[in-house]
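Some notes on the structure that comes next.
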Amino acid sequence: MSRIAFIGLGNMGGPMAINLAKAGHQVQVFDLSASAVDAVVAAGGVAAASAHDAVNDAQVVISMLPASRHVEGLYLGEGGLLAAIADGALVIDSSTIAPASAQKVAQAAAARGLQMIDAPVSGGTAGAQAGTLTFIVGGPADALERARPYLQDMGKNIFHVGGNGAGQVAKLCNNMALGVIMAATGEAISLGVAHGLDAGVLSQMMAVSTGRSWATEVCNPWPGVLENAPSSRGYSGGFGNDLMLKDLGLAVEAAVAKGASIPLGELARNLYSINSQQGNGGLDFSSVVKLFNKEGA
Ligand code: NAD
């Protein structure tokens, strides 16, 4: 049993913290949203009055926040969390943020004598709940070995892809492919429906054919095709459109930094941006299908 501070209890962080509590750890939790804290406390977490309070005596600190500015804002600067974390504690940031931002925070942690890894995740809210996430880790190998038992309590697959920041690069590559595939799947199903096809039958066919993907099988964008997909509950509770938009923006930045060409990634960023401007930013990113068929989806 370890004392773990967990900061950021949203769609992902909440179930991840609950899985650590279920594994027998003392999980000291904090979120700016009281209802998010309450949900984890009801499942075995211990409420902390602030992030500083949560990390006070913690052996492991885990954060799961929306974006770079939240992570830098939490850890760095005067009054930042790094100053308050106990000597010898291990810091794990599982948020998806800019690789440069992950490196900056890890360097500041190292300057304080703390080991830190970036460990963004894949697997969605269903994977967070089931404890089957994939962790994509950047940082020193010995820090990953210290983190491994905790990551295993929340996930199934762990990949060490390089030094600090490398986990974020790999995660952006995955999400760029996902953003493109989801938009393409929504477009394809919309075309079929425009011709009178049944979205469910079309999706079942695609799911055993070469158009198969996570978007057809797990998070189908068409309402009613998959009972547990966000599309079947008004696109609520999944991976927010604006989080995908953020990740594609980070992918574009990463491409510019290396002079790489990502034409489909840039197109996809614009599609999720338009979906956001149409008022769907808070919905699951599969709501991008609304751009192709207003009536059905
Ligand atoms: P979310 O918006 O549901 O949750 C973020 C939580 O952080 C909120 O509860 C918010 O109140 C809290 N928060 C923000 N600033 C804080 C602060 N300073 N102190 C304490 N709490 C703070 O987001 P999410 O869907 O859980 O995603 C979190 C991260 O995981 C993002 O970087 C996202 O890109 C990534 N991610 C999400 C999914 C997904 O399917 N939702 C999948 C993989 C990765």
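By order in the structure tokens, chains are A, B, ...; within a chain, residues start at 1; ligands start at 1, following the order shown.
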request  = Write out as a ChimeraX atom specification the residues lying within 10 Å of A:Gly45, counting only C-alpha atoms and excluding same-chain residues fewer than 2 positions away.
outcome  = /A:4-6,14,17-22,25-30,37-43,47-48
request  = Name the residues in contact with A:Glu145 at a cut-off of 12 Å, using only C-alpha atoms, excluding same-chain residues fewer than 6 positions from it; report them as a PyMOL selection string.
outcome  = chain A and resi 90+115-117+137+139+151-152+158-160
ask   = as a PyMOL selection string, which residues of stretch 192-277 of chain A does DSSP assign to alpha helix (DSSP H)?
value = chain A and resi 192-194+199-207+214-217+241-258+263-275
Each residue of chain A with at least one atom at most 8 Å from ligand 1 should appear once, together with its nearest atom pair and the corresponding distance in Å (one decimal); atoms considered: only C-alpha atoms and all ligand atoms; ordering: chain, then increasing residue number; output as a tab-separated table.
```
residue	atom	partner	partner_atom_place_in_ligand_line	distance
A:Ile7	CA	ligand 1	20 (C)	5.3
A:Gly8	CA	ligand 1	7 (O)	3.9
A:Leu9	CA	ligand 1	9 (O)	4.8
A:Gly10	CA	ligand 1	4 (O)	3.2
A:Asn11	CA	ligand 1	26 (O)	3.9
A:Met12	CA	ligand 1	26 (O)	3.7
A:Gly13	CA	ligand 1	26 (O)	5.2
A:Gly14	CA	ligand 1	26 (O)	7.3
A:Phe30	CA	ligand 1	20 (C)	5.8
A:Asp31	CA	ligand 1	21 (N)	3.6
A:Leu32	CA	ligand 1	21 (N)	4.5
A:Ser33	CA	ligand 1	11 (O)	4.8
A:Ala36	CA	ligand 1	9 (O)	6.0
A:Ala51	CA	ligand 1	19 (N)	6.6
A:Met64	CA	ligand 1	28 (C)	5.1
A:Leu65	CA	ligand 1	7 (O)	4.3
A:Pro66	CA	ligand 1	31 (C)	3.9
A:Ala67	CA	ligand 1	32 (O)	5.1
A:His70	CA	ligand 1	15 (N)	5.4
A:Val71	CA	ligand 1	18 (N)	7.3
A:Gly73	CA	ligand 1	18 (N)	6.8
A:Leu74	CA	ligand 1	18 (N)	5.4
A:Ser94	CA	ligand 1	30 (O)	6.7
A:Ser95	CA	ligand 1	32 (O)	3.9
A:Thr96	CA	ligand 1	32 (O)	3.8
A:Ile97	CA	ligand 1	32 (O)	6.1
A:Pro120	CA	ligand 1	44 (C)	6.4
A:Val121	CA	ligand 1	43 (C)	5.1
A:Ser122	CA	ligand 1	43 (C)	4.7
A:Gly123	CA	ligand 1	42 (C)	6.1
A:Gly124	CA	ligand 1	40 (O)	3.5
A:Thr125	CA	ligand 1	40 (O)	4.8
A:Ala126	CA	ligand 1	40 (O)	7.9
A:Gly237	CA	ligand 1	41 (N)	7.7
A:Gly238	CA	ligand 1	40 (O)	5.2
A:Phe239	CA	ligand 1	41 (N)	3.6
A:Gly240	CA	ligand 1	41 (N)	6.2
A:Leu243	CA	ligand 1	34 (O)	5.0
A:Met244	CA	ligand 1	34 (O)	6.8
A:Lys246	CA	ligand 1	34 (O)	7.5
A:Asp247	CA	ligand 1	34 (O)	6.7
```
Nearby residues (only C-alpha atoms) at most 10 Å from stretch 218-231 of chain A, same-chain spacing under 2 positions excluded, as a PDB file with N, CA, C and O atoms, in the first residue's frame:
```pdb
ATOM      1  N   GLY A 124      -9.324   5.532 -23.744  1.00  0.00           N
ATOM      2  CA  GLY A 124     -10.606   6.192 -23.520  1.00  0.00           C
ATOM      3  C   GLY A 124     -11.151   5.988 -22.122  1.00  0.00           C
ATOM      4  O   GLY A 124     -10.513   5.361 -21.258  1.00  0.00           O
ATOM      5  N   THR A 125     -12.347   6.519 -21.915  1.00  0.00           N
ATOM      6  CA  THR A 125     -12.948   6.444 -20.580  1.00  0.00           C
ATOM      7  C   THR A 125     -13.295   4.994 -20.216  1.00  0.00           C
ATOM      8  O   THR A 125     -13.213   4.609 -19.058  1.00  0.00           O
ATOM      9  N   ALA A 126     -13.648   4.191 -21.243  1.00  0.00           N
ATOM     10  CA  ALA A 126     -13.953   2.777 -20.967  1.00  0.00           C
ATOM     11  C   ALA A 126     -12.693   2.068 -20.460  1.00  0.00           C
ATOM     12  O   ALA A 126     -12.746   1.281 -19.505  1.00  0.00           O
ATOM     13  N   MET A 182     -11.492   8.829 -37.107  1.00  0.00           N
ATOM     14  CA  MET A 182     -12.869   9.092 -36.649  1.00  0.00           C
ATOM     15  C   MET A 182     -13.616   9.964 -37.655  1.00  0.00           C
ATOM     16  O   MET A 182     -14.783   9.696 -37.987  1.00  0.00           O
ATOM     17  N   ALA A 183     -12.957  11.010 -38.149  1.00  0.00           N
ATOM     18  CA  ALA A 183     -13.616  11.889 -39.122  1.00  0.00           C
ATOM     19  C   ALA A 183     -13.932  11.109 -40.399  1.00  0.00           C
ATOM     20  O   ALA A 183     -15.033  11.220 -40.967  1.00  0.00           O
ATOM     21  N   THR A 185     -14.432   7.892 -40.701  1.00  0.00           N
ATOM     22  CA  THR A 185     -15.492   6.919 -40.434  1.00  0.00           C
ATOM     23  C   THR A 185     -16.857   7.596 -40.416  1.00  0.00           C
ATOM     24  O   THR A 185     -17.833   7.096 -40.985  1.00  0.00           O
ATOM     25  N   GLY A 186     -16.931   8.766 -39.774  1.00  0.00           N
ATOM     26  CA  GLY A 186     -18.188   9.524 -39.743  1.00  0.00           C
ATOM     27  C   GLY A 186     -18.628   9.907 -41.150  1.00  0.00           C
ATOM     28  O   GLY A 186     -19.812   9.832 -41.496  1.00  0.00           O
ATOM     29  N   GLU A 187     -17.655  10.309 -41.955  1.00  0.00           N
ATOM     30  CA  GLU A 187     -17.939  10.704 -43.334  1.00  0.00           C
ATOM     31  C   GLU A 187     -18.479   9.503 -44.129  1.00  0.00           C
ATOM     32  O   GLU A 187     -19.467   9.610 -44.864  1.00  0.00           O
ATOM     33  N   ILE A 189     -19.913   6.647 -42.979  1.00  0.00           N
ATOM     34  CA  ILE A 189     -21.235   6.194 -42.533  1.00  0.00           C
ATOM     35  C   ILE A 189     -22.304   7.174 -43.025  1.00  0.00           C
ATOM     36  O   ILE A 189     -23.385   6.771 -43.473  1.00  0.00           O
ATOM     37  N   SER A 190     -21.987   8.468 -42.980  1.00  0.00           N
ATOM     38  CA  SER A 190     -22.943   9.478 -43.451  1.00  0.00           C
ATOM     39  C   SER A 190     -23.267   9.282 -44.929  1.00  0.00           C
ATOM     40  O   SER A 190     -24.413   9.450 -45.353  1.00  0.00           O
ATOM     41  N   ASP A 198     -28.595   1.254 -43.587  1.00  0.00           N
ATOM     42  CA  ASP A 198     -28.721   1.243 -42.132  1.00  0.00           C
ATOM     43  C   ASP A 198     -27.328   1.408 -41.527  1.00  0.00           C
ATOM     44  O   ASP A 198     -26.406   0.637 -41.839  1.00  0.00           O
ATOM     45  N   ALA A 199     -27.184   2.409 -40.660  1.00  0.00           N
ATOM     46  CA  ALA A 199     -25.852   2.712 -40.103  1.00  0.00           C
ATOM     47  C   ALA A 199     -25.288   1.530 -39.310  1.00  0.00           C
ATOM     48  O   ALA A 199     -24.080   1.288 -39.316  1.00  0.00           O
ATOM     49  N   GLY A 200     -26.184   0.766 -38.655  1.00  0.00           N
ATOM     50  CA  GLY A 200     -25.726  -0.370 -37.850  1.00  0.00           C
ATOM     51  C   GLY A 200     -25.188  -1.491 -38.722  1.00  0.00           C
ATOM     52  O   GLY A 200     -24.112  -2.042 -38.457  1.00  0.00           O
ATOM     53  N   VAL A 201     -25.932  -1.828 -39.765  1.00  0.00           N
ATOM     54  CA  VAL A 201     -25.498  -2.909 -40.672  1.00  0.00           C
ATOM     55  C   VAL A 201     -24.198  -2.494 -41.374  1.00  0.00           C
ATOM     56  O   VAL A 201     -23.251  -3.276 -41.483  1.00  0.00           O
ATOM     57  N   LEU A 202     -24.164  -1.247 -41.832  1.00  0.00           N
ATOM     58  CA  LEU A 202     -22.957  -0.742 -42.497  1.00  0.00           C
ATOM     59  C   LEU A 202     -21.747  -0.826 -41.556  1.00  0.00           C
ATOM     60  O   LEU A 202     -20.660  -1.281 -41.950  1.00  0.00           O
ATOM     61  N   SER A 203     -21.962  -0.454 -40.299  1.00  0.00           N
ATOM     62  CA  SER A 203     -20.854  -0.472 -39.330  1.00  0.00           C
ATOM     63  C   SER A 203     -20.402  -1.891 -39.021  1.00  0.00           C
ATOM     64  O   SER A 203     -19.210  -2.162 -38.883  1.00  0.00           O
ATOM     65  N   GLN A 204     -21.387  -2.806 -38.905  1.00  0.00           N
ATOM     66  CA  GLN A 204     -21.030  -4.215 -38.646  1.00  0.00           C
ATOM     67  C   GLN A 204     -20.195  -4.769 -39.797  1.00  0.00           C
ATOM     68  O   GLN A 204     -19.226  -5.496 -39.582  1.00  0.00           O
ATOM     69  N   ALA A 207     -16.764  -3.280 -39.651  1.00  0.00           N
ATOM     70  CA  ALA A 207     -15.996  -3.767 -38.496  1.00  0.00           C
ATOM     71  C   ALA A 207     -15.330  -5.118 -38.754  1.00  0.00           C
ATOM     72  O   ALA A 207     -14.419  -5.512 -38.017  1.00  0.00           O
ATOM     73  N   SER A 213     -11.909  -0.246 -37.508  1.00  0.00           N
ATOM     74  CA  SER A 213     -11.075   0.539 -36.591  1.00  0.00           C
ATOM     75  C   SER A 213     -11.787   0.659 -35.247  1.00  0.00           C
ATOM     76  O   SER A 213     -12.932   0.227 -35.093  1.00  0.00           O
ATOM     77  N   TRP A 214     -11.119   1.320 -34.300  1.00  0.00           N
ATOM     78  CA  TRP A 214     -11.719   1.623 -32.986  1.00  0.00           C
ATOM     79  C   TRP A 214     -12.998   2.437 -33.183  1.00  0.00           C
ATOM     80  O   TRP A 214     -13.947   2.304 -32.427  1.00  0.00           O
ATOM     81  N   ALA A 215     -13.016   3.259 -34.261  1.00  0.00           N
ATOM     82  CA  ALA A 215     -14.177   4.109 -34.517  1.00  0.00           C
ATOM     83  C   ALA A 215     -15.382   3.290 -34.980  1.00  0.00           C
ATOM     84  O   ALA A 215     -16.518   3.675 -34.726  1.00  0.00           O
ATOM     85  N   THR A 216     -15.169   2.187 -35.672  1.00  0.00           N
ATOM     86  CA  THR A 216     -16.322   1.365 -36.061  1.00  0.00           C
ATOM     87  C   THR A 216     -16.716   0.415 -34.930  1.00  0.00           C
ATOM     88  O   THR A 216     -17.889   0.149 -34.719  1.00  0.00           O
ATOM     89  N   ARG A 233     -25.396   8.267 -26.169  1.00  0.00           N
ATOM     90  CA  ARG A 233     -25.894   9.009 -25.003  1.00  0.00           C
ATOM     91  C   ARG A 233     -25.661  10.509 -25.217  1.00  0.00           C
ATOM     92  O   ARG A 233     -25.167  11.216 -24.334  1.00  0.00           O
ATOM     93  N   GLY A 234     -26.002  10.955 -26.400  1.00  0.00           N
ATOM     94  CA  GLY A 234     -25.900  12.385 -26.708  1.00  0.00           C
ATOM     95  C   GLY A 234     -24.472  12.884 -26.764  1.00  0.00           C
ATOM     96  O   GLY A 234     -24.208  14.056 -26.525  1.00  0.00           O
ATOM     97  N   TYR A 235     -23.536  12.008 -27.082  1.00  0.00           N
ATOM     98  CA  TYR A 235     -22.097  12.345 -27.194  1.00  0.00           C
ATOM     99  C   TYR A 235     -21.525  12.863 -25.864  1.00  0.00           C
ATOM    100  O   TYR A 235     -20.613  13.682 -25.853  1.00  0.00           O
ATOM    101  N   SER A 236     -22.056  12.359 -24.755  1.00  0.00           N
ATOM    102  CA  SER A 236     -21.538  12.814 -23.456  1.00  0.00           C
ATOM    103  C   SER A 236     -20.535  11.811 -22.904  1.00  0.00           C
ATOM    104  O   SER A 236     -20.557  10.630 -23.256  1.00  0.00           O
ATOM    105  N   GLY A 237     -19.643  12.299 -22.040  1.00  0.00           N
ATOM    106  CA  GLY A 237     -18.807  11.432 -21.208  1.00  0.00           C
ATOM    107  C   GLY A 237     -17.659  10.713 -21.878  1.00  0.00           C
ATOM    108  O   GLY A 237     -17.101   9.800 -21.295  1.00  0.00           O
ATOM    109  N   GLY A 238     -17.247  11.113 -23.053  1.00  0.00           N
ATOM    110  CA  GLY A 238     -16.119  10.427 -23.696  1.00  0.00           C
ATOM    111  C   GLY A 238     -14.877  11.287 -23.743  1.00  0.00           C
ATOM    112  O   GLY A 238     -14.462  11.848 -22.737  1.00  0.00           O
ATOM    113  N   PHE A 239     -14.274  11.401 -24.927  1.00  0.00           N
ATOM    114  CA  PHE A 239     -13.069  12.209 -25.135  1.00  0.00           C
ATOM    115  C   PHE A 239     -13.534  13.479 -25.858  1.00  0.00           C
ATOM    116  O   PHE A 239     -13.949  13.416 -27.019  1.00  0.00           O
ATOM    117  N   LEU A 283     -18.755  18.137 -26.457  1.00  0.00           N
ATOM    118  CA  LEU A 283     -19.243  16.777 -26.747  1.00  0.00           C
ATOM    119  C   LEU A 283     -18.073  15.848 -27.058  1.00  0.00           C
ATOM    120  O   LEU A 283     -16.959  16.294 -27.340  1.00  0.00           O
ATOM    121  N   ASP A 284     -18.341  14.550 -27.024  1.00  0.00           N
ATOM    122  CA  ASP A 284     -17.329  13.582 -27.449  1.00  0.00           C
ATOM    123  C   ASP A 284     -16.866  13.905 -28.874  1.00  0.00           C
ATOM    124  O   ASP A 284     -17.658  14.385 -29.700  1.00  0.00           O
ATOM    125  N   PHE A 285     -15.591  13.620 -29.157  1.00  0.00           N
ATOM    126  CA  PHE A 285     -15.036  14.017 -30.461  1.00  0.00           C
ATOM    127  C   PHE A 285     -15.708  13.298 -31.639  1.00  0.00           C
ATOM    128  O   PHE A 285     -15.653  13.767 -32.770  1.00  0.00           O
ATOM    129  N   SER A 286     -16.393  12.160 -31.357  1.00  0.00           N
ATOM    130  CA  SER A 286     -17.086  11.461 -32.451  1.00  0.00           C
ATOM    131  C   SER A 286     -18.256  12.293 -32.985  1.00  0.00           C
ATOM    132  O   SER A 286     -18.788  11.997 -34.055  1.00  0.00           O
ATOM    133  N   SER A 287     -18.621  13.373 -32.255  1.00  0.00           N
ATOM    134  CA  SER A 287     -19.670  14.272 -32.748  1.00  0.00           C
ATOM    135  C   SER A 287     -19.229  14.997 -34.014  1.00  0.00           C
ATOM    136  O   SER A 287     -20.041  15.697 -34.639  1.00  0.00           O
ATOM    137  N   VAL A 288     -17.967  14.826 -34.425  1.00  0.00           N
ATOM    138  CA  VAL A 288     -17.504  15.415 -35.692  1.00  0.00           C
ATOM    139  C   VAL A 288     -18.372  14.908 -36.846  1.00  0.00           C
ATOM    140  O   VAL A 288     -18.471  15.559 -37.894  1.00  0.00           O
ATOM    141  N   VAL A 289     -19.033  13.765 -36.648  1.00  0.00           N
ATOM    142  CA  VAL A 289     -19.932  13.228 -37.677  1.00  0.00           C
ATOM    143  C   VAL A 289     -21.050  14.217 -38.004  1.00  0.00           C
ATOM    144  O   VAL A 289     -21.598  14.218 -39.105  1.00  0.00           O
ATOM    145  N   LYS A 290     -21.386  15.095 -37.062  1.00  0.00           N
ATOM    146  CA  LYS A 290     -22.452  16.082 -37.289  1.00  0.00           C
ATOM    147  C   LYS A 290     -22.124  17.008 -38.458  1.00  0.00           C
ATOM    148  O   LYS A 290     -23.013  17.609 -39.045  1.00  0.00           O
ATOM    149  N   ASN A 293     -23.609  14.941 -41.502  1.00  0.00           N
ATOM    150  CA  ASN A 293     -25.036  14.599 -41.572  1.00  0.00           C
ATOM    151  C   ASN A 293     -25.741  15.147 -40.346  1.00  0.00           C
ATOM    152  O   ASN A 293     -25.707  14.546 -39.284  1.00  0.00           O
ATOM    153  N   GLY A 296     -29.211  12.823 -39.227  1.00  0.00           N
ATOM    154  CA  GLY A 296     -29.078  11.513 -38.607  1.00  0.00           C
ATOM    155  C   GLY A 296     -28.375  11.569 -37.278  1.00  0.00           C
ATOM    156  O   GLY A 296     -28.802  10.963 -36.307  1.00  0.00           O
ATOM    157  N   ALA A 297     -27.272  12.312 -37.192  1.00  0.00           N
ATOM    158  CA  ALA A 297     -26.422  12.203 -36.004  1.00  0.00           C
ATOM    159  C   ALA A 297     -26.745  13.242 -34.949  1.00  0.00           C
ATOM    160  O   ALA A 297     -27.315  14.239 -35.214  1.00  0.00           O
TER     161      ALA A 297
END
```
If you run DSSP on this backbone, which residues of stretch 90-226 of chain A come out as strand (DSSP E), and could you give them as an mmCIF file with N, CA, C and O atoms, in the first residue's frame?
```
data_model
loop_
_atom_site.group_PDB
_atom_site.id
_atom_site.type_symbol
_atom_site.label_atom_id
_atom_site.label_comp_id
_atom_site.auth_asym_id
_atom_site.auth_seq_id
_atom_site.Cartn_x
_atom_site.Cartn_y
_atom_site.Cartn_z
ATOM 1 N N LEU A 90 7.841 10.131 -6.328
ATOM 2 C CA LEU A 90 7.868 9.951 -7.783
ATOM 3 C C LEU A 90 6.696 10.726 -8.382
ATOM 4 O O LEU A 90 5.592 10.671 -7.848
ATOM 5 N N VAL A 91 6.961 11.456 -9.474
ATOM 6 C CA VAL A 91 5.903 12.264 -10.094
ATOM 7 C C VAL A 91 5.560 11.679 -11.476
ATOM 8 O O VAL A 91 6.456 11.450 -12.298
ATOM 9 N N ILE A 92 4.268 11.447 -11.700
ATOM 10 C CA ILE A 92 3.782 10.879 -12.961
ATOM 11 C C ILE A 92 2.727 11.822 -13.519
ATOM 12 O O ILE A 92 1.699 12.054 -12.870
ATOM 13 N N ASP A 93 2.983 12.388 -14.703
ATOM 14 C CA ASP A 93 1.934 13.195 -15.329
ATOM 15 C C ASP A 93 1.345 12.396 -16.487
ATOM 16 O O ASP A 93 2.055 12.053 -17.431
ATOM 17 N N GLN A 115 12.210 12.457 -9.312
ATOM 18 C CA GLN A 115 12.088 11.759 -10.589
ATOM 19 C C GLN A 115 10.683 11.962 -11.154
ATOM 20 O O GLN A 115 9.699 11.928 -10.414
ATOM 21 N N MET A 116 10.607 12.171 -12.466
ATOM 22 C CA MET A 116 9.305 12.396 -13.100
ATOM 23 C C MET A 116 9.250 11.695 -14.449
ATOM 24 O O MET A 116 10.248 11.653 -15.169
ATOM 25 N N ILE A 117 8.083 11.155 -14.779
ATOM 26 C CA ILE A 117 7.872 10.602 -16.124
ATOM 27 C C ILE A 117 6.614 11.232 -16.725
ATOM 28 O O ILE A 117 5.713 11.636 -16.003
ATOM 29 N N ASP A 118 6.605 11.342 -18.075
ATOM 30 C CA ASP A 118 5.332 11.628 -18.737
ATOM 31 C C ASP A 118 4.755 10.262 -19.108
ATOM 32 O O ASP A 118 5.454 9.405 -19.654
ATOM 33 N N VAL A 121 -1.977 8.482 -21.725
ATOM 34 C CA VAL A 121 -2.671 7.200 -21.861
ATOM 35 C C VAL A 121 -3.488 7.132 -23.131
ATOM 36 O O VAL A 121 -3.863 8.149 -23.704
ATOM 37 N N SER A 122 -3.798 5.917 -23.523
ATOM 38 C CA SER A 122 -4.762 5.670 -24.582
ATOM 39 C C SER A 122 -5.720 4.598 -24.081
ATOM 40 O O SER A 122 -5.351 3.772 -23.250
ATOM 41 N N LEU A 133 -5.949 0.657 -19.578
ATOM 42 C CA LEU A 133 -5.308 1.721 -20.355
ATOM 43 C C LEU A 133 -3.954 1.281 -20.898
ATOM 44 O O LEU A 133 -3.297 0.400 -20.334
ATOM 45 N N THR A 134 -3.549 1.930 -21.986
ATOM 46 C CA THR A 134 -2.169 1.819 -22.462
ATOM 47 C C THR A 134 -1.421 3.057 -21.970
ATOM 48 O O THR A 134 -1.892 4.179 -22.178
ATOM 49 N N PHE A 135 -0.289 2.845 -21.302
ATOM 50 C CA PHE A 135 0.547 3.971 -20.857
ATOM 51 C C PHE A 135 1.725 4.116 -21.822
ATOM 52 O O PHE A 135 2.392 3.130 -22.156
ATOM 53 N N ILE A 136 1.969 5.362 -22.226
ATOM 54 C CA ILE A 136 3.010 5.654 -23.216
ATOM 55 C C ILE A 136 4.029 6.541 -22.496
ATOM 56 O O ILE A 136 3.787 7.725 -22.266
ATOM 57 N N VAL A 137 5.147 5.935 -22.125
ATOM 58 C CA VAL A 137 6.009 6.566 -21.124
ATOM 59 C C VAL A 137 7.274 7.185 -21.712
ATOM 60 O O VAL A 137 7.994 6.557 -22.494
ATOM 61 N N GLY A 138 7.547 8.422 -21.289
ATOM 62 C CA GLY A 138 8.815 9.076 -21.568
ATOM 63 C C GLY A 138 9.494 9.410 -20.249
ATOM 64 O O GLY A 138 8.844 9.904 -19.326
ATOM 65 N N GLY A 155 -3.762 0.080 -15.796
ATOM 66 C CA GLY A 155 -3.670 -0.225 -17.221
ATOM 67 C C GLY A 155 -3.164 -1.621 -17.510
ATOM 68 O O GLY A 155 -2.825 -2.388 -16.608
ATOM 69 N N LYS A 156 -3.110 -1.914 -18.800
ATOM 70 C CA LYS A 156 -2.739 -3.258 -19.242
ATOM 71 C C LYS A 156 -1.413 -3.244 -19.995
ATOM 72 O O LYS A 156 -0.596 -4.136 -19.840
ATOM 73 N N ASN A 157 -1.209 -2.219 -20.813
ATOM 74 C CA ASN A 157 0.002 -2.150 -21.642
ATOM 75 C C ASN A 157 0.835 -0.928 -21.262
ATOM 76 O O ASN A 157 0.282 0.153 -21.053
ATOM 77 N N ILE A 158 2.162 -1.140 -21.204
ATOM 78 C CA ILE A 158 3.060 -0.039 -20.877
ATOM 79 C C ILE A 158 4.177 -0.027 -21.925
ATOM 80 O O ILE A 158 4.858 -1.040 -22.127
ATOM 81 N N PHE A 159 4.348 1.115 -22.592
ATOM 82 C CA PHE A 159 5.418 1.252 -23.591
ATOM 83 C C PHE A 159 6.385 2.333 -23.145
ATOM 84 O O PHE A 159 5.971 3.449 -22.826
ATOM 85 N N HIS A 160 7.682 1.998 -23.132
ATOM 86 C CA HIS A 160 8.706 3.007 -22.846
ATOM 87 C C HIS A 160 9.257 3.469 -24.189
ATOM 88 O O HIS A 160 9.920 2.699 -24.891
ATOM 89 N N VAL A 161 8.976 4.734 -24.549
ATOM 90 C CA VAL A 161 9.314 5.172 -25.904
ATOM 91 C C VAL A 161 10.510 6.122 -25.955
ATOM 92 O O VAL A 161 10.939 6.501 -27.048
ATOM 93 N N GLY A 162 11.077 6.514 -24.809
ATOM 94 C CA GLY A 162 12.242 7.391 -24.830
ATOM 95 C C GLY A 162 12.331 8.242 -23.578
ATOM 96 O O GLY A 162 11.741 7.904 -22.539
#
```
task = Name the residues in contact with A:Val252 at a cut-off of 10 Å, using only C-alpha atoms, excluding same-chain residues fewer than 4 positions from it; report them as a PyMOL selection string.
result = chain A and resi 172+176+246-248+256-257+260-263+265-266+269
query = If we count only C-alpha atoms, what is near A:Ser68 at a cut-off of 7 Å, once residues fewer than 4 positions away on the same chain are taken out, given as a ChimeraX atom specification?
reply = /A:72,97-98,101
key: Selected residue of minimal separation from A:Ala102 among A:Ala58, A:Ala166, A:Ala128, A:Ala268, counting only C-alpha atoms   =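 Result for the nearest residue to A:Ala102: A:Ala166.
In this model, the gap between atom CA of A:Tyr272 and atom CA of A:Leu245 comes to 5.6 Å.
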